[in-house]
Amino acid sequence: MSLTPDIAETCARARSDLRMGVPVALVGACGTAGMLVLAAETLDPARLNDILLLGGEPVLAISARRAETLKARAYDGDLARIPLPPDASAGWVRAVADPADDLRVPMKGPLPAQRDGPADLHRLALKLAKSARLLPAALVLPMSDVAGFAAPRRLTLINAAAAVAHLDEMSPLDPVVSARLPLTVSEAGRLHVFRPHDGAEEHYAVEIGTPARDAPVLARLHSACFTGDLMGSLKCDCGPQLRGALAQMGAEGAGVLLYLNQEGRGIGLANKMRAYSLQDQGFDTVEANHRLGFEDDERDFRIGAEILKRLGFSAVRLLTNNPAKIEMMRRSGIEVVERVPLRVGETPQNRAYLATKAKKSGHLL
C-alpha cells in the first residue's frame with residue numbers, strides 16, 4: 001500500500017527518533033529476532049534504566065576509530081562491541097562515546113570487547129547514528145522478538161537488510177526550484193535547489209552565466225562551512241575558497257558552484273565543534289575526527305556528480321586541491337579534464353590545519 005512508509009521514510013523516522021533519545025528496533029532476516037537501539041549521545045538515565053530492567057546483555061557499539069583511542073579491541077574490524085557493566089550509568093555510556101573528557105579522565109576501562117556472534121545489526125546501528133549527525137556510538141540490546149516488542153510501544157521498526165541497502169546507496173535527488181540570483185561576482189547568477197528522497201539536507205547549485213553543456217564547465221564542489229563561509233573563521237580556508245571560486249567564475253563569465261550540505265566533512269556542525277574542541281587540546285584535524293569515532297572524511301561527492309548530470313553537464317574543469325574529489329567525479333561518470341588549483345586563505349591560525357590536510361589527506365597545497 002502506497003500509504004505505508006518505504007525504507008527511506010522509515011530510516012528518516014529512525015534518525016529523528018535517535019536524535020530525540022527514542023529507541024528504534026532493527027529486525028534481522030528471521031523476521032522477529034533483532035535489536036533495540038538507542039543513540040549513546042541522547043541516552044537519558046530513565047531509558048537506560050528501562051533497558052536494564054528488560055534483562056539480556058546490552059552492549060555499547062562504537063566505531064573502530066573510537067575503540068582505538070580507548071585501547072579496546074575491534075574484533076569486528078570496523079567496530080567494537082563493549083558489554084555494558086552492571087553498574088553502568090548514562091554518564092558512563094556518554095564518556096565512552098564522547099572524547100571530550102578523555103584527557104581529564106583517561107582511564108575508562110579496561111573495556112573488554114565481544115568477539116563471538118554477528119555484528120551486522122550493530123554496524124547498522126552505527127550507520128543510523130552517523131546519518132543522524134550523532135556520535136557513532138549506540139546502545140544495543142538483542143531481543144528474540146523485537147518486532148513484537150516494538151509494535152505496542154509504537155517504536156520505529158526497520159528491516160535490517162533493506163536499511164543496509166538503502167544507506168549504502170546515494171539517495172536520488174529531485175530539483176525543487178530554480179530562480180535568478182544576481183550576485184556581486186555576476187548579475188547573471190541562478191540558484192538551483194535539489195532535495196534528496198531520504199529527507200536529508202537539501203543541496204544547491206549556483207550557476208554563473210550560461211555555461212555551455214557541450215564543453216567542460218568550470219566547477220567547484222564546496223561543502224557547507226557555517227564557521228568559515230558565514231562567520232569568517234580563521235581556522236579553515238573555506239570562506240576564501242568559496243569567494244575565490246565564485247570570483248573566478250565571474251571573471252570567466254561562466255561556471256557552476258555546487259554547495260553541498262555536508263558540514264564538517266560530513267559529520268555535522270555539532271561534531272565539527274567537538275573536533276575543534278579536541279584541536280584546542282592539541283590534536284590535529286584528522287586525529288580529532290578519529291577520536292570522535294569518524295573517518296578522516298565522511299562526505300559523499302557522488303551528490304555533486306549527480307547534480308551536475310541533472311543540470312546537463314558531463315565534463316568539468318574542477319576547482320579543487322583535493323584529489324579525492326577528482327577520483328569520485330570520474331567514478332561517478334563526470335569527466336575531469338583539468339584540475340584548477342584554488343590556493344587561497346592561508347592564515348597563521350590555519351597553517352597547521354592546511355599542513356595536516358596536505359600530509360594526511362593528500363591535498364595538493
# chains A, B, ... in the order shown; residues from 1 in each chain; ligands from 1
$ select_by_dssp --residues "range 126-304 of chain A" --states "helix (DSSP H, G or I)" --output "PyMOL selection string"
chain A and resi 126-131+146-153+160-168+226-230+238-252+263-266+269-280+285-292+302-304
$ residues_around --residues "Val336 in chain A" --least-positions-apart "4" --cutoff "6 Å" --atoms "only C-alpha atoms" --output "number ranges by chain"
A: 315-317
$ write_last_selection --atoms "N, CA, C and O atoms" --output "mmCIF file, in the first residue's frame"
data_model
loop_
_atom_site.group_PDB
_atom_site.id
_atom_site.type_symbol
_atom_site.label_atom_id
_atom_site.label_comp_id
_atom_site.auth_asym_id
_atom_site.auth_seq_id
_atom_site.Cartn_x
_atom_site.Cartn_y
_atom_site.Cartn_z
ATOM 1 N N ALA A 315 31.295 17.088 -18.253
ATOM 2 C CA ALA A 315 32.736 17.303 -18.130
ATOM 3 C C ALA A 315 32.985 18.613 -17.396
ATOM 4 O O ALA A 315 32.238 19.588 -17.556
ATOM 5 N N VAL A 316 34.055 18.627 -16.565
ATOM 6 C CA VAL A 316 34.335 19.808 -15.744
ATOM 7 C C VAL A 316 35.819 20.138 -15.741
ATOM 8 O O VAL A 316 36.674 19.279 -15.965
ATOM 9 N N ARG A 317 36.083 21.405 -15.509
ATOM 10 C CA ARG A 317 37.393 21.871 -15.051
ATOM 11 C C ARG A 317 37.187 22.117 -13.564
ATOM 12 O O ARG A 317 36.502 23.067 -13.187
#
$ closest_residue --among "A:Glu202, A:Asp76, A:Glu263, A:Glu252" --to "Asp229 in chain A" --atoms "only C-alpha atoms"
A:Glu263
$ residues_around --residues "range 233-243 of chain A" --least-positions-apart "4" --cutoff "7 Å" --atoms "only C-alpha atoms" --output "count of residues only"
13
$ closest_residue --among "A:Ala132, A:Pro99, A:Leu181, A:Val217" --to "Gln279 in chain A" --atoms "only C-alpha atoms"
A:Pro99
$ residues_around --residues "Ser314 in chain A" --least-positions-apart "6" --cutoff "8 Å" --atoms "only C-alpha atoms" --output "ChimeraX atom specification"
/A:213-214,216,308,333-335
$ residues_around --residues "range 2-18 of chain A" --least-positions-apart "5" --cutoff "8 Å" --atoms "only C-alpha atoms" --output "list in words"
Pro23, Val24, Leu38, Ala39, Thr42, Leu128, Ala129, Ser131, Ala132, Thr156, Leu157, Ile158, Asn159, Ala162, Ala163, His166, His197, Asp198, Gly199 and Ala200 of chain A
$ write_last_selection --atoms "N, CA and C atoms" --output "compact mmCIF listing (two decimals), in the first residue's frame"
# COMPACT_ATOMS: atom_id res chain seq x y z
N PRO A 23 14.15 4.94 21.35
CA PRO A 23 14.72 3.73 20.76
C PRO A 23 14.07 3.38 19.44
N VAL A 24 14.85 2.69 18.59
CA VAL A 24 14.33 2.13 17.36
C VAL A 24 14.63 0.64 17.37
N LEU A 38 19.48 2.51 20.92
CA LEU A 38 19.42 3.92 21.33
C LEU A 38 20.75 4.57 21.03
N ALA A 39 20.73 5.83 20.62
CA ALA A 39 21.97 6.56 20.39
C ALA A 39 22.61 6.89 21.73
N THR A 42 22.25 10.64 23.02
CA THR A 42 20.97 11.16 23.53
C THR A 42 20.34 10.24 24.57
N LEU A 128 23.15 4.35 11.24
CA LEU A 128 21.98 5.21 11.52
C LEU A 128 22.37 6.39 12.39
N ALA A 129 23.21 6.15 13.41
CA ALA A 129 23.64 7.24 14.28
C ALA A 129 24.42 8.28 13.48
N SER A 131 24.21 8.87 10.26
CA SER A 131 23.32 9.56 9.32
C SER A 131 22.46 10.58 10.04
N ALA A 132 22.28 10.41 11.36
CA ALA A 132 21.53 11.38 12.17
C ALA A 132 22.43 12.50 12.67
N THR A 156 9.70 2.73 15.95
CA THR A 156 10.03 2.54 14.54
C THR A 156 10.73 1.20 14.36
N LEU A 157 10.20 0.39 13.45
CA LEU A 157 10.75 -0.94 13.19
C LEU A 157 11.38 -0.94 11.81
N ILE A 158 12.65 -1.35 11.74
CA ILE A 158 13.41 -1.29 10.50
C ILE A 158 13.85 -2.68 10.07
N ASN A 159 13.57 -3.01 8.82
CA ASN A 159 14.10 -4.23 8.23
C ASN A 159 15.58 -4.01 7.93
N ALA A 162 16.96 -4.27 4.19
CA ALA A 162 16.53 -3.16 3.35
C ALA A 162 17.25 -1.87 3.75
N ALA A 163 17.46 -1.68 5.05
CA ALA A 163 18.09 -0.45 5.52
C ALA A 163 19.56 -0.39 5.09
N HIS A 166 19.71 0.58 1.53
CA HIS A 166 19.33 1.98 1.37
C HIS A 166 20.45 2.92 1.79
N HIS A 197 15.59 12.23 -1.71
CA HIS A 197 14.39 11.46 -1.36
C HIS A 197 14.36 11.05 0.11
N ASP A 198 15.54 10.95 0.74
CA ASP A 198 15.60 10.38 2.09
C ASP A 198 15.33 11.40 3.19
N GLY A 199 14.94 12.61 2.83
CA GLY A 199 14.61 13.61 3.84
C GLY A 199 15.81 14.31 4.44
N ALA A 200 17.00 14.06 3.92
CA ALA A 200 18.20 14.72 4.43
C ALA A 200 18.27 16.16 3.91
$ atom_distance --atom1 "CA of Gly109 in chain A" --atom2 "CA of Leu70 in chain A"
7.8 Å
$ atom_distance --atom1 "CA of Arg115 in chain A" --atom2 "CA of Gly148 in chain A"
28.0 Å
$ closest_residue --among "A:His290, A:Arg66, A:His192, A:Lys309" --to "Ala80 in chain A" --atoms "only C-alpha atoms"
A:Arg66
$ closest_residue --among "A:Val185, A:Val22, A:Leu221, A:Ile303" --to "Leu319 in chain A" --atoms "only C-alpha atoms"
A:Leu221
$ closest_residue --among "A:Leu121, A:Ala40, A:Leu141, A:Leu103" --to "Gly55 in chain A" --atoms "only C-alpha atoms"
A:Leu141
$ residues_around --residues "Glu41 in chain A" --least-positions-apart "6" --cutoff "10 Å" --atoms "only C-alpha atoms" --output "list in words"
Leu18, Arg19, Met20, Gly21, Ala90, Gly91, Val93, Arg94, Ala95, Ala97, Asp98, Ala129, Leu134, Leu135, Pro136, Ala137, Ala138 and Leu139 of chain A
$ atom_distance --atom1 "CA of Arg123 in chain A" --atom2 "CA of Leu26 in chain A"
11.2 Å
$ select_by_dssp --residues "range 197-347 of chain A" --states "strand (DSSP E)" --output "mmCIF file with N, CA, C and O atoms, in the first residue's frame"
data_model
loop_
_atom_site.group_PDB
_atom_site.id
_atom_site.type_symbol
_atom_site.label_atom_id
_atom_site.label_comp_id
_atom_site.auth_asym_id
_atom_site.auth_seq_id
_atom_site.Cartn_x
_atom_site.Cartn_y
_atom_site.Cartn_z
ATOM 1 N N HIS A 203 20.599 20.374 -1.163
ATOM 2 C CA HIS A 203 21.864 20.823 -1.727
ATOM 3 C C HIS A 203 21.578 21.837 -2.834
ATOM 4 O O HIS A 203 20.483 21.848 -3.405
ATOM 5 N N TYR A 204 22.576 22.679 -3.139
ATOM 6 C CA TYR A 204 22.349 23.801 -4.039
ATOM 7 C C TYR A 204 23.393 23.846 -5.153
ATOM 8 O O TYR A 204 24.534 23.418 -4.972
ATOM 9 N N ALA A 205 22.992 24.357 -6.279
ATOM 10 C CA ALA A 205 23.911 24.647 -7.376
ATOM 11 C C ALA A 205 23.753 26.112 -7.745
ATOM 12 O O ALA A 205 22.633 26.588 -7.974
ATOM 13 N N VAL A 206 24.875 26.835 -7.780
ATOM 14 C CA VAL A 206 24.877 28.237 -8.184
ATOM 15 C C VAL A 206 25.490 28.302 -9.582
ATOM 16 O O VAL A 206 26.667 27.996 -9.774
ATOM 17 N N GLU A 207 24.667 28.694 -10.537
ATOM 18 C CA GLU A 207 25.112 28.762 -11.922
ATOM 19 C C GLU A 207 25.466 30.204 -12.258
ATOM 20 O O GLU A 207 24.671 31.128 -12.024
ATOM 21 N N ILE A 208 26.675 30.394 -12.768
ATOM 22 C CA ILE A 208 27.144 31.716 -13.164
ATOM 23 C C ILE A 208 27.090 31.811 -14.679
ATOM 24 O O ILE A 208 27.662 30.972 -15.388
ATOM 25 N N VAL A 217 32.806 22.576 -17.977
ATOM 26 C CA VAL A 217 32.416 23.762 -17.216
ATOM 27 C C VAL A 217 33.360 23.949 -16.036
ATOM 28 O O VAL A 217 33.798 22.975 -15.410
ATOM 29 N N LEU A 218 33.705 25.193 -15.744
ATOM 30 C CA LEU A 218 34.470 25.495 -14.541
ATOM 31 C C LEU A 218 33.563 25.228 -13.344
ATOM 32 O O LEU A 218 32.498 25.859 -13.210
ATOM 33 N N ALA A 219 33.945 24.282 -12.484
ATOM 34 C CA ALA A 219 33.056 23.837 -11.408
ATOM 35 C C ALA A 219 33.812 23.744 -10.095
ATOM 36 O O ALA A 219 35.028 23.514 -10.067
ATOM 37 N N ARG A 220 33.068 23.904 -9.022
ATOM 38 C CA ARG A 220 33.611 23.783 -7.665
ATOM 39 C C ARG A 220 32.631 22.982 -6.820
ATOM 40 O O ARG A 220 31.431 23.289 -6.772
ATOM 41 N N LEU A 221 33.118 21.900 -6.182
ATOM 42 C CA LEU A 221 32.340 21.184 -5.168
ATOM 43 C C LEU A 221 32.693 21.814 -3.837
ATOM 44 O O LEU A 221 33.824 21.662 -3.348
ATOM 45 N N HIS A 222 31.755 22.502 -3.221
ATOM 46 C CA HIS A 222 32.042 23.211 -1.966
ATOM 47 C C HIS A 222 31.128 22.687 -0.867
ATOM 48 O O HIS A 222 29.904 22.740 -0.992
ATOM 49 N N SER A 223 31.739 22.179 0.192
ATOM 50 C CA SER A 223 30.954 21.682 1.324
ATOM 51 C C SER A 223 30.624 22.836 2.258
ATOM 52 O O SER A 223 31.484 23.672 2.565
ATOM 53 N N GLY A 255 30.276 29.336 -15.030
ATOM 54 C CA GLY A 255 30.722 28.317 -14.077
ATOM 55 C C GLY A 255 29.553 27.818 -13.256
ATOM 56 O O GLY A 255 28.431 28.342 -13.347
ATOM 57 N N VAL A 256 29.808 26.788 -12.458
ATOM 58 C CA VAL A 256 28.773 26.273 -11.569
ATOM 59 C C VAL A 256 29.418 25.866 -10.249
ATOM 60 O O VAL A 256 30.408 25.122 -10.232
ATOM 61 N N LEU A 257 28.884 26.398 -9.169
ATOM 62 C CA LEU A 257 29.353 26.069 -7.831
ATOM 63 C C LEU A 257 28.304 25.206 -7.143
ATOM 64 O O LEU A 257 27.144 25.604 -7.029
ATOM 65 N N LEU A 258 28.718 24.018 -6.717
ATOM 66 C CA LEU A 258 27.820 23.103 -6.024
ATOM 67 C C LEU A 258 28.039 23.268 -4.523
ATOM 68 O O LEU A 258 29.132 23.010 -4.011
ATOM 69 N N TYR A 259 27.000 23.749 -3.837
ATOM 70 C CA TYR A 259 27.094 23.993 -2.395
ATOM 71 C C TYR A 259 26.388 22.827 -1.697
ATOM 72 O O TYR A 259 25.155 22.754 -1.674
ATOM 73 N N LEU A 260 27.197 21.912 -1.161
ATOM 74 C CA LEU A 260 26.685 20.664 -0.607
ATOM 75 C C LEU A 260 26.608 20.751 0.912
ATOM 76 O O LEU A 260 27.593 21.110 1.577
ATOM 77 N N ALA A 315 31.295 17.088 -18.253
ATOM 78 C CA ALA A 315 32.736 17.303 -18.130
ATOM 79 C C ALA A 315 32.985 18.613 -17.396
ATOM 80 O O ALA A 315 32.238 19.588 -17.556
ATOM 81 N N VAL A 316 34.055 18.627 -16.565
ATOM 82 C CA VAL A 316 34.335 19.808 -15.744
ATOM 83 C C VAL A 316 35.819 20.138 -15.741
ATOM 84 O O VAL A 316 36.674 19.279 -15.965
ATOM 85 N N ARG A 317 36.083 21.405 -15.509
ATOM 86 C CA ARG A 317 37.393 21.871 -15.051
ATOM 87 C C ARG A 317 37.187 22.117 -13.564
ATOM 88 O O ARG A 317 36.502 23.067 -13.187
ATOM 89 N N LEU A 318 37.767 21.271 -12.741
ATOM 90 C CA LEU A 318 37.392 21.247 -11.325
ATOM 91 C C LEU A 318 38.313 22.113 -10.488
ATOM 92 O O LEU A 318 39.533 21.901 -10.429
ATOM 93 N N LEU A 319 37.720 23.108 -9.833
ATOM 94 C CA LEU A 319 38.443 23.961 -8.899
ATOM 95 C C LEU A 319 38.614 23.205 -7.581
ATOM 96 O O LEU A 319 37.680 23.125 -6.770
ATOM 97 N N GLU A 335 33.589 13.570 -16.389
ATOM 98 C CA GLU A 335 34.955 13.685 -16.873
ATOM 99 C C GLU A 335 35.605 14.942 -16.284
ATOM 100 O O GLU A 335 35.039 16.039 -16.349
ATOM 101 N N VAL A 336 36.775 14.773 -15.670
ATOM 102 C CA VAL A 336 37.538 15.911 -15.159
ATOM 103 C C VAL A 336 38.682 16.152 -16.132
ATOM 104 O O VAL A 336 39.669 15.411 -16.156
ATOM 105 N N VAL A 337 38.555 17.183 -16.947
ATOM 106 C CA VAL A 337 39.558 17.434 -17.982
ATOM 107 C C VAL A 337 40.731 18.259 -17.452
ATOM 108 O O VAL A 337 41.800 18.275 -18.055
ATOM 109 N N GLU A 338 40.509 18.934 -16.310
ATOM 110 C CA GLU A 338 41.572 19.773 -15.750
ATOM 111 C C GLU A 338 41.305 19.993 -14.266
ATOM 112 O O GLU A 338 40.167 20.178 -13.854
ATOM 113 N N ARG A 339 42.383 19.931 -13.471
ATOM 114 C CA ARG A 339 42.280 20.380 -12.073
ATOM 115 C C ARG A 339 42.769 21.817 -12.007
ATOM 116 O O ARG A 339 43.898 22.118 -12.380
ATOM 117 N N VAL A 340 41.904 22.701 -11.542
ATOM 118 C CA VAL A 340 42.256 24.118 -11.412
ATOM 119 C C VAL A 340 42.571 24.382 -9.941
ATOM 120 O O VAL A 340 41.689 24.277 -9.089
#
$ residues_around --residues "Val176 in chain A" --least-positions-apart "2" --cutoff "8 Å" --atoms "only C-alpha atoms" --output "PyMOL selection string"
chain A and resi 174+178+192-195
$ write_last_selection --atoms "N, CA and C atoms" --output "PDB file, in the first residue's frame"
ATOM      1  N   ASP A 174      15.883  15.320  -6.357  1.00  0.00           N
ATOM      2  CA  ASP A 174      14.870  15.944  -7.199  1.00  0.00           C
ATOM      3  C   ASP A 174      15.094  17.453  -7.242  1.00  0.00           C
ATOM      4  N   SER A 178      14.269  26.650  -9.302  1.00  0.00           N
ATOM      5  CA  SER A 178      15.399  27.364  -9.878  1.00  0.00           C
ATOM      6  C   SER A 178      14.971  28.808 -10.080  1.00  0.00           C
ATOM      7  N   HIS A 192      19.852  26.828  -8.074  1.00  0.00           N
ATOM      8  CA  HIS A 192      19.046  25.617  -8.205  1.00  0.00           C
ATOM      9  C   HIS A 192      19.050  24.889  -6.863  1.00  0.00           C
ATOM     10  N   VAL A 193      17.881  24.444  -6.401  1.00  0.00           N
ATOM     11  CA  VAL A 193      17.756  23.708  -5.142  1.00  0.00           C
ATOM     12  C   VAL A 193      17.372  22.266  -5.457  1.00  0.00           C
ATOM     13  N   PHE A 194      18.105  21.319  -4.838  1.00  0.00           N
ATOM     14  CA  PHE A 194      17.844  19.891  -5.021  1.00  0.00           C
ATOM     15  C   PHE A 194      17.537  19.254  -3.664  1.00  0.00           C
ATOM     16  N   ARG A 195      16.534  18.391  -3.661  1.00  0.00           N
ATOM     17  CA  ARG A 195      16.099  17.753  -2.412  1.00  0.00           C
ATOM     18  C   ARG A 195      16.236  16.229  -2.530  1.00  0.00           C
TER      19      ARG A 195
END
